[in-house]
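Text of run33.pdb, listed as PDB, C-alpha atoms:
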ATOM      1  CA  MET A  26       0.000   0.000   0.000
ATOM      2  CA  PHE A  27       1.395   3.405  -0.950
ATOM      3  CA  ALA A  28       0.410   6.906  -2.015
ATOM      4  CA  ASP A  29       0.156   7.060  -5.795
ATOM      5  CA  LYS A  30       0.928  10.109  -7.965
ATOM      6  CA  SER A  31      -2.470  11.613  -7.220
ATOM      7  CA  GLY A  32      -1.756  11.537  -3.481
ATOM      8  CA  TYR A  33      -4.348   8.869  -2.687
ATOM      9  CA  LEU A  34      -3.410   5.987  -0.435
ATOM     10  CA  ALA A  35      -3.757   2.973  -2.684
ATOM     11  CA  VAL A  36      -3.165  -0.750  -2.910
ATOM     12  CA  ARG A  37      -1.407  -1.277  -6.232
ATOM     13  CA  PHE A  38       0.460  -4.056  -7.962
ATOM     14  CA  LYS A  39       4.185  -3.562  -8.298
ATOM     15  CA  GLY A  40       5.119  -1.681 -11.453
ATOM     16  CA  PHE A  41       1.862   0.272 -11.753
ATOM     17  CA  ASP A  42       1.875   3.884 -10.604
ATOM     18  CA  ASP A  43      -0.028   5.807 -13.309
ATOM     19  CA  ILE A  44      -2.898   8.028 -12.190
ATOM     20  CA  TRP A  45      -6.317   6.486 -12.759
ATOM     21  CA  ASP A  46      -8.497   8.393 -15.247
ATOM     22  CA  GLN A  47     -12.215   9.089 -15.031
ATOM     23  CA  GLU A  48     -14.277   7.468 -17.765
ATOM     24  CA  LYS A  49     -17.934   6.800 -18.383
ATOM     25  CA  LEU A  50     -18.883   3.225 -17.657
ATOM     26  CA  ASN A  51     -20.191   2.754 -21.203
ATOM     27  CA  SER A  52     -16.614   3.139 -22.450
ATOM     28  CA  LEU A  53     -15.744  -0.046 -20.526
ATOM     29  CA  VAL A  54     -18.834  -2.187 -21.049
ATOM     30  CA  ARG A  55     -21.678  -2.273 -23.581
ATOM     31  CA  LEU A  56     -24.998  -3.004 -21.893
ATOM     32  CA  HIS A  57     -28.244  -4.247 -23.381
ATOM     33  CA  ARG A  58     -31.596  -5.366 -22.013
ATOM     34  CA  GLY A  59     -32.844  -8.925 -22.155
ATOM     35  CA  LEU A  60     -35.647 -10.635 -24.033
ATOM     36  CA  THR A  61     -39.308  -9.850 -23.511
ATOM     37  CA  TYR A  62     -41.463 -12.913 -24.097
ATOM     38  CA  SER A  63     -44.893 -14.283 -23.202
ATOM     39  CA  PRO A  64     -45.824 -17.489 -21.349
ATOM     40  CA  ASN A  65     -46.972 -18.902 -24.709
ATOM     41  CA  ASN A  66     -43.368 -18.775 -25.914
ATOM     42  CA  VAL A  67     -42.097 -21.050 -23.130
ATOM     43  CA  GLN A  68     -41.353 -24.679 -23.988
ATOM     44  CA  ASP A  69     -39.343 -27.640 -22.699
ATOM     45  CA  SER A  70     -36.305 -26.964 -24.877
ATOM     46  CA  GLY A  71     -34.945 -24.284 -27.150
ATOM     47  CA  ILE A  72     -33.128 -21.079 -26.167
ATOM     48  CA  ARG A  73     -32.351 -20.854 -22.459
ATOM     49  CA  VAL A  74     -33.503 -17.632 -20.763
ATOM     50  CA  LEU A  75     -31.149 -16.418 -18.037
ATOM     51  CA  ARG A  76     -32.761 -14.819 -15.005
ATOM     52  CA  SER A  77     -31.833 -13.594 -11.536
ATOM     53  CA  SER A  78     -31.832 -17.205 -10.317
ATOM     54  CA  ASN A  79     -28.801 -17.846 -12.515
ATOM     55  CA  ILE A  80     -26.695 -15.658 -10.207
ATOM     56  CA  LEU A  81     -25.833 -17.298  -6.894
ATOM     57  CA  ASP A  82     -23.375 -15.721  -4.447
ATOM     58  CA  GLY A  83     -21.674 -13.801  -7.240
ATOM     59  CA  GLN A  84     -21.292 -16.877  -9.442
ATOM     60  CA  PHE A  85     -23.098 -17.885 -12.633
ATOM     61  CA  VAL A  86     -25.105 -21.111 -12.376
ATOM     62  CA  MET A  87     -27.503 -23.027 -14.590
ATOM     63  CA  THR A  88     -30.387 -24.674 -12.774
ATOM     64  CA  ASP A  89     -33.097 -27.261 -13.314
ATOM     65  CA  ASP A  90     -35.594 -24.397 -13.032
ATOM     66  CA  ASP A  91     -34.246 -22.571 -16.077
ATOM     67  CA  ILE A  92     -36.853 -21.907 -18.741
ATOM     68  CA  PHE A  93     -36.589 -22.105 -22.517
ATOM     69  CA  VAL A  94     -38.302 -20.303 -25.370
ATOM     70  CA  LYS A  95     -38.705 -21.083 -29.049
ATOM     71  CA  SER A  96     -35.872 -19.636 -31.144
ATOM     72  CA  SER A  97     -38.306 -17.822 -33.434
ATOM     73  CA  VAL A  98     -39.136 -15.261 -30.699
ATOM     74  CA  VAL A  99     -35.492 -14.359 -29.974
ATOM     75  CA  ASN A 100     -34.785 -10.933 -31.455
ATOM     76  CA  ILE A 101     -31.709  -9.955 -29.411
ATOM     77  CA  PRO A 102     -28.114 -11.234 -29.491
ATOM     78  CA  THR A 103     -27.435 -14.462 -27.614
ATOM     79  CA  VAL A 104     -25.073 -14.291 -24.646
ATOM     80  CA  LYS A 105     -21.566 -15.702 -24.658
ATOM     81  CA  ASP A 106     -18.966 -16.757 -22.134
ATOM     82  CA  GLY A 107     -17.373 -13.682 -20.598
ATOM     83  CA  ASP A 108     -20.519 -11.545 -20.741
ATOM     84  CA  ILE A 109     -21.662 -10.068 -17.430
ATOM     85  CA  LEU A 110     -25.202 -10.918 -16.307
ATOM     86  CA  ILE A 111     -26.865  -8.272 -14.103
ATOM     87  CA  THR A 112     -30.226  -8.322 -12.334
ATOM     88  CA  ALA A 113     -31.881  -5.090 -13.463
ATOM     89  CA  ALA A 114     -35.338  -5.512 -11.959
ATOM     90  CA  ASN A 115     -36.735  -7.623  -9.156
ATOM     91  CA  GLY A 116     -39.555  -7.562  -6.623
ATOM     92  CA  SER A 117     -36.874  -7.712  -3.925
ATOM     93  CA  ILE A 118     -34.815  -4.548  -4.145
ATOM     94  CA  LYS A 119     -31.938  -6.315  -2.370
ATOM     95  CA  LEU A 120     -31.462  -8.513  -5.429
ATOM     96  CA  VAL A 121     -31.276  -5.668  -7.930
ATOM     97  CA  GLY A 122     -27.738  -5.145  -9.159
ATOM     98  CA  LYS A 123     -26.373  -8.606  -8.379
ATOM     99  CA  HIS A 124     -24.088  -9.820 -11.119
ATOM    100  CA  ALA A 125     -21.854 -12.615 -12.378
ATOM    101  CA  ILE A 126     -19.680 -13.456 -15.365
ATOM    102  CA  ILE A 127     -21.385 -15.984 -17.638
ATOM    103  CA  SER A 128     -19.428 -19.191 -18.147
ATOM    104  CA  GLY A 129     -20.050 -22.662 -19.531
ATOM    105  CA  ILE A 130     -22.602 -21.511 -22.118
ATOM    106  CA  SER A 131     -22.473 -22.934 -25.644
ATOM    107  CA  GLU A 132     -22.730 -20.408 -28.470
ATOM    108  CA  ASN A 133     -26.201 -19.322 -29.580
ATOM    109  CA  THR A 134     -28.001 -21.245 -26.831
ATOM    110  CA  ALA A 135     -29.050 -18.576 -24.315
ATOM    111  CA  VAL A 136     -30.313 -15.036 -23.906
ATOM    112  CA  SER A 137     -30.992 -12.923 -20.846
ATOM    113  CA  GLY A 138     -34.549 -12.325 -19.692
ATOM    114  CA  GLY A 139     -36.332  -9.000 -19.813
ATOM    115  CA  PHE A 140     -35.551  -8.139 -16.191
ATOM    116  CA  MET A 141     -31.810  -8.555 -16.783
ATOM    117  CA  LEU A 142     -28.950  -6.614 -18.327
ATOM    118  CA  VAL A 143     -26.014  -8.169 -20.149
ATOM    119  CA  GLY A 144     -22.693  -6.384 -20.412
ATOM    120  CA  SER A 145     -20.013  -7.121 -22.989
ATOM    121  CA  SER A 146     -16.509  -5.934 -22.189
ATOM    122  CA  ARG A 147     -12.980  -6.410 -23.455
ATOM    123  CA  ILE A 148     -11.851  -6.926 -19.832
ATOM    124  CA  PRO A 149     -14.945  -8.420 -18.130
ATOM    125  CA  ASP A 150     -13.120  -9.488 -14.960
ATOM    126  CA  PHE A 151     -12.176  -5.867 -14.223
ATOM    127  CA  VAL A 152     -15.697  -4.553 -14.875
ATOM    128  CA  ASN A 153     -17.228  -7.327 -12.793
ATOM    129  CA  SER A 154     -14.883  -6.335  -9.959
ATOM    130  CA  LEU A 155     -16.049  -2.718 -10.291
ATOM    131  CA  PHE A 156     -19.568  -3.982  -9.575
ATOM    132  CA  ASP A 157     -18.343  -5.270  -6.211
ATOM    133  CA  THR A 158     -17.022  -1.888  -5.049
ATOM    134  CA  SER A 159     -18.538   0.761  -2.806
ATOM    135  CA  TRP A 160     -19.034   2.955  -5.902
ATOM    136  CA  TYR A 161     -21.529   0.446  -7.296
ATOM    137  CA  GLN A 162     -23.325   0.087  -3.976
ATOM    138  CA  ARG A 163     -23.726   3.877  -3.780
ATOM    139  CA  PHE A 164     -25.076   3.888  -7.322
ATOM    140  CA  ILE A 165     -27.639   1.198  -6.477
ATOM    141  CA  ARG A 166     -28.820   3.087  -3.380
ATOM    142  CA  LYS A 167     -29.171   6.356  -5.302
ATOM    143  CA  TYR A 168     -30.670   5.241  -8.608
ATOM    144  CA  VAL A 169     -32.607   2.034  -8.024
ATOM    145  CA  THR A 170     -36.209   2.759  -7.106
ATOM    146  CA  GLY A 171     -38.944   0.414  -5.954
ATOM    147  CA  GLY A 172     -39.076  -2.119  -3.143
ATOM    148  CA  ASN A 173     -41.837  -2.452  -0.566
ATOM    149  CA  GLY A 174     -43.926  -4.513  -2.956
ATOM    150  CA  SER A 175     -42.993  -2.646  -6.133
ATOM    151  CA  ILE A 176     -40.266  -3.712  -8.528
ATOM    152  CA  GLY A 177     -36.778  -2.284  -8.003
ATOM    153  CA  ASN A 178     -35.409  -1.144 -11.349
ATOM    154  CA  LEU A 179     -31.843  -0.517 -12.493
ATOM    155  CA  LYS A 180     -31.971   1.588 -15.655
ATOM    156  CA  LYS A 181     -29.396   0.968 -18.368
ATOM    157  CA  ASN A 182     -29.042   4.678 -19.185
ATOM    158  CA  ASP A 183     -28.349   5.564 -15.544
ATOM    159  CA  LEU A 184     -25.566   3.003 -15.377
ATOM    160  CA  ASP A 185     -24.129   3.941 -18.777
ATOM    161  CA  LYS A 186     -23.505   7.560 -17.801
ATOM    162  CA  GLN A 187     -21.757   6.894 -14.485
ATOM    163  CA  TYR A 188     -18.132   7.999 -14.209
ATOM    164  CA  VAL A 189     -15.641   5.566 -12.728
ATOM    165  CA  LYS A 190     -11.919   5.749 -12.101
ATOM    166  CA  VAL A 191      -9.952   3.303 -14.217
ATOM    167  CA  PRO A 192      -6.252   2.502 -14.625
ATOM    168  CA  THR A 193      -4.359   1.619 -17.797
ATOM    169  CA  THR A 194      -5.494  -1.384 -19.805
ATOM    170  CA  SER A 195      -2.617  -3.515 -18.542
ATOM    171  CA  GLU A 196      -3.476  -2.712 -14.917
ATOM    172  CA  GLN A 197      -7.155  -3.426 -15.562
ATOM    173  CA  GLU A 198      -6.152  -6.851 -16.863
ATOM    174  CA  ARG A 199      -3.961  -7.523 -13.825
ATOM    175  CA  ILE A 200      -6.674  -6.459 -11.376
ATOM    176  CA  GLY A 201      -9.310  -8.526 -13.183
ATOM    177  CA  GLU A 202      -7.046 -11.578 -13.196
ATOM    178  CA  PHE A 203      -6.339 -11.169  -9.470
ATOM    179  CA  PHE A 204     -10.002 -11.049  -8.464
ATOM    180  CA  ARG A 205     -10.856 -13.908 -10.821
ATOM    181  CA  GLU A 206      -8.263 -16.013  -8.977
ATOM    182  CA  ILE A 207      -9.796 -15.020  -5.627
ATOM    183  CA  ASP A 208     -13.274 -15.954  -6.868
ATOM    184  CA  GLN A 209     -11.956 -19.357  -7.942
ATOM    185  CA  LEU A 210     -10.448 -19.891  -4.489
ATOM    186  CA  ILE A 211     -13.821 -19.033  -2.948
ATOM    187  CA  ILE A 212     -15.547 -21.568  -5.212
ATOM    188  CA  ASN A 213     -12.991 -24.245  -4.368
ATOM    189  CA  ASN A 214     -13.474 -23.654  -0.658
ATOM    190  CA  GLN A 215     -17.248 -23.735  -1.032
ATOM    191  CA  ILE A 216     -16.960 -27.128  -2.718
ATOM    192  CA  LYS A 217     -14.733 -28.374   0.105
ATOM    193  CA  HIS A 218     -17.221 -26.993   2.635
ATOM    194  CA  GLU A 219     -20.146 -28.763   0.967
ATOM    195  CA  LYS A 220     -18.224 -32.047   0.804
ATOM    196  CA  LEU A 221     -17.363 -31.789   4.495
ATOM    197  CA  LEU A 222     -21.027 -31.182   5.320
ATOM    198  CA  GLU A 223     -21.979 -34.251   3.303
ATOM    199  CA  LEU A 224     -19.297 -36.295   5.087
ATOM    200  CA  LYS A 225     -20.503 -35.088   8.475
ATOM    201  CA  LYS A 226     -24.098 -35.968   7.603
ATOM    202  CA  PHE A 227     -23.047 -39.440   6.457
ATOM    203  CA  LEU A 228     -21.019 -40.071   9.617
ATOM    204  CA  LEU A 229     -23.811 -38.860  11.900
ATOM    205  CA  GLN A 230     -26.296 -41.127  10.156
ATOM    206  CA  ASN A 231     -24.046 -44.169  10.326
ATOM    207  CA  MET A 232     -22.101 -43.794  13.580
ATOM    208  CA  PHE A 233     -25.063 -43.242  15.898
ATOM    209  CA  ILE A 234     -27.171 -46.366  15.617
TER     210      ILE A 234
END

Translate the structure described by the file into structure tokens.
Amino acid sequence: MFADKSGYLAVRFKGFDDIWDQEKLNSLVRLHRGLTYSPNNVQDSGIRVLRSSNILDGQFVMTDDDIFVKSSVVNIPTVKDGDILITAANGSIKLVGKHAIISGISENTAVSGGFMLVGSSRIPDFVNSLFDTSWYQRFIRKYVTGGNGSIGNLKKNDLDKQYVKVPTTSEQERIGEFFREIDQLIINNQIKHEKLLELKKFLLQNMFI
């Protein structure tokens, strides 16, 4: 930790000391709304529709409850690995703004739902990390309306015009890589935790007879 050229006390990787610039968020990530569809469009197979339930503890998941629509009603680009999925509207305001990087999706097989945003970025890990900062939490508190029975709503245009401080491209890549590695460690530990719980349950069921 050291004071950078701007005088701020900062945690920086060795070799990076350039001043961070202010840029609009839409210069870092291109956002678009998800698909609007009707219940008549839902079927057992087809194009998967990603919803808020596909984001769990900051990680992207596919579930048995995912729904599918016929391909003929899809009029927006399909999502791809590396896109950022964001909950833009939800009856629970606490869920608005949650996000995760999409992974494990085959090409042209999924779109986001109408209550979601999808962001495409050249350095998605850095942008996704931005969405975990206090800046993003302040934005959510200020701009997201609703709750108390109404739907909280994160508007694309409000997010697009926000200014954020960003470093050079090479530092963005290093920061994104660092937090991706931390996220993977968290996942690995969660898996270990779940396996230990399963082991404990098995032992309790079979040792006390």

**OP:** Find the residue from A:Lys220, A:Lys226, A:Arg55, A:Arg73 that sits nearest to Val152 of chain A; use all atoms listed in the file when measuring.
**Re:** A:Arg55

Subject >> Contacts of Pro192 of chain A within 10 Å, all atoms listed in the file, excl. fewer than 2 positions in-chain, as number ranges by chain >> reply: A: 41-48, 190, 194-198, 200

Closest atom pairs, residues of segment 41-139 of chain A within 10 Å of segment 204-218 of chain A, all atoms listed in the file, as CSV:
residue,atom,partner,partner_atom,distance
A:Asp82,CA,A:Ile212,CA,9.8
A:Gly83,CA,A:Asp208,CA,8.7
A:Gln84,CA,A:Asp208,CA,8.5
A:Ile126,CA,A:Arg205,CA,9.9

Subject >> Atomic separation - atom CA of Leu56 of chain A relative to atom CA of Asp183 of chain A, Å >> reply: 11.2 Å

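Selection by the PyMOL selection byres ((chain A and resi 61) around 12) on the present file picks out Arg58, Gly59, Leu60, Tyr62, Ser63, Pro64, Asn65, Asn66, Val67, Val74, Leu75, Arg76, Val94, Val98, Val99, Asn100, Ile101, Val136, Ser137, Gly138, Gly139, Phe140 and Met141 of chain A.
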
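Minimum distance to His57 of chain A across A:Glu202, A:Asp90, A:Asp108, A:Asp69 (counting only C-alpha atoms) occurs at A:Asp108.
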
Original post:
Which residues, written as a list in words, have at least one atom at most 9 Å from Asn153 of chain A, with only C-alpha atoms counted and residues fewer than 6 positions away on the same chain left out?
Top reply: Ile109, His124, Ala125, Ile126 and Gly201 of chain A

Put the listed atoms of segment 76-91 of chain A in a box along x, y and z with 5 Å added on every side and give me the centre and edge lengths in Å to one decimal, as lines of an AutoDock Vina configuration file.
center_x = -28.4
center_y = -20.4
center_z = -10.3
size_x = 24.3
size_y = 23.7
size_z = 21.6

Subject >> Atomic distance atom CA of Gly107 of chain A - atom CA of Ile127 of chain A, expressed in Å with one decimal >> reply: 5.5 Å

Name every residue that the PyMOL selection byres ((chain A and resi 49) around 8) selects in this structure, writing the answer as a short mmCIF file (atom, residue, chain, number, x, y, z; two decimals) with C-alpha atoms, in the frame of the given file with chains first and numbers rising.
data_model
loop_
_atom_site.label_atom_id
_atom_site.label_comp_id
_atom_site.auth_asym_id
_atom_site.auth_seq_id
_atom_site.Cartn_x
_atom_site.Cartn_y
_atom_site.Cartn_z
CA GLN A 47 -12.22 9.09 -15.03
CA GLU A 48 -14.28 7.47 -17.76
CA LEU A 50 -18.88 3.22 -17.66
CA ASN A 51 -20.19 2.75 -21.20
CA SER A 52 -16.61 3.14 -22.45
CA LEU A 53 -15.74 -0.05 -20.53
CA ASP A 185 -24.13 3.94 -18.78
CA LYS A 186 -23.50 7.56 -17.80
CA GLN A 187 -21.76 6.89 -14.48
CA TYR A 188 -18.13 8.00 -14.21
CA VAL A 189 -15.64 5.57 -12.73
#

**OP:** Would you mind listing what lies within 10 Å of Ser77 of chain A as a ChimeraX atom specification, with all atoms listed in the file counted and same-chain residues fewer than 3 positions away left out?
**Re:** /A:80-81,85,110-115,120-124,137-138,140-141

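Distance-wise, atom CA of Ser70 of chain A and atom CA of Thr88 of chain A end up 13.7 Å apart.
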
Subject >> Residue neighbourhood Val54 of chain A, 6 Å, all atoms listed in the file, exclusion window fewer than 5 positions, as a count of residues only >> reply: 3

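Nearest residue to Leu142 of chain A, choosing from A:Ser159, A:Asn182, A:Ser128, A:Ser97 and counting all atoms listed in the file: A:Asn182.
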
Subject >> Using all atoms listed in the file: which of A:Val143, A:Leu179, A:Leu229, A:Leu221 has the shortest distance to Thr103 of chain A >> reply: A:Val143
